[in-house]
Amino acid sequence: MGSQDQKPTRAERIAQRAHEMHLKAAGLDDPEASEDALREAARLRVEAREAYDKEQQEKAEQDAVEINALRIARRDHRTPGGLPLPGTEAVA
C-alpha cells in the first residue's frame with residue numbers, strides 16, 4: 001500500500017480479503033468447507049491480480065498523457081497550463 005494517509009486500492013482490498021479467506025480455510029475442521037474457502041481465496045487472488053494490472057494500465061495511460069503534455073509544452077516554450085516558460089517571454 002502507499003502512504004498511510006491513502007486508502008487502499010481495490011486490488012489491495014481484494015488481496016487482503018484473499019488472505020483472510022486463506023486464514024479462515026486453515027482454521028476450518030470440515031475438509032469440504034476448507035477446500036471451498038481455499039478455492040475462494042484463489043479466485044480472489046486472481047481477481048486482485050487483474051485489478052492490480054488494470055490499475056497499473058490506467059496509471060501508465062495517465063502518465064503517458066502527462067508526459068505528452070509536458071513534451072508539447074516544452075516544444076512550444078509554455079508550461080502545461082499555457083503560460084510562457086521563464087526566460088522565453090518576448091522582449092518588449
# chains A, B, ... in the order shown; residues from 1 in each chain; ligands from 1
call {"tool": "residues_around", "arguments": {"residues": "segment 52-67 of chain A", "least_positions_apart": "3", "cutoff": "8 Å", "atoms": "only C-alpha atoms", "output": "list in words"}}
result
Arg10, Ala11, Glu12, Ala48, Arg49, Leu70 and Arg71 of chain A
call {"tool": "select_by_dssp", "arguments": {"residues": "segment 17-86 of chain A", "states": "alpha helix (DSSP H)", "output": "VMD selection string"}}
result
chain A and resid 17 to 26 31 to 75
call {"tool": "closest_residue", "arguments": {"among": "A:Met21, A:Ile14, A:Ala51, A:Ala73", "to": "Ser34 of chain A", "atoms": "only C-alpha atoms"}}
result
A:Met21
call {"tool": "closest_residue", "arguments": {"among": "A:Arg75, A:Asp5, A:Lys24, A:Gln16", "to": "Asp36 of chain A", "atoms": "only C-alpha atoms"}}
result
A:Lys24
call {"tool": "atom_distance", "arguments": {"atom1": "atom CA of Ala18 of chain A", "atom2": "atom CA of Glu40 of chain A"}}
result
7.5 Å
call {"tool": "atom_distance", "arguments": {"atom1": "atom CA of Ala26 of chain A", "atom2": "atom CA of Arg39 of chain A"}}
result
12.3 Å
call {"tool": "atom_distance", "arguments": {"atom1": "atom CA of Arg17 of chain A", "atom2": "atom CA of Asp29 of chain A"}}
result
20.4 Å
call {"tool": "residues_around", "arguments": {"residues": "Glu35 of chain A", "least_positions_apart": "5", "cutoff": "10 Å", "atoms": "only C-alpha atoms", "output": "VMD selection string"}}
result
chain A and resid 22 25 to 26 28 30 40 to 41
call {"tool": "closest_residue", "arguments": {"among": "A:Leu23, A:Ile72, A:Leu85, A:Ala15", "to": "Ala37 of chain A", "atoms": "only C-alpha atoms"}}
result
A:Leu23
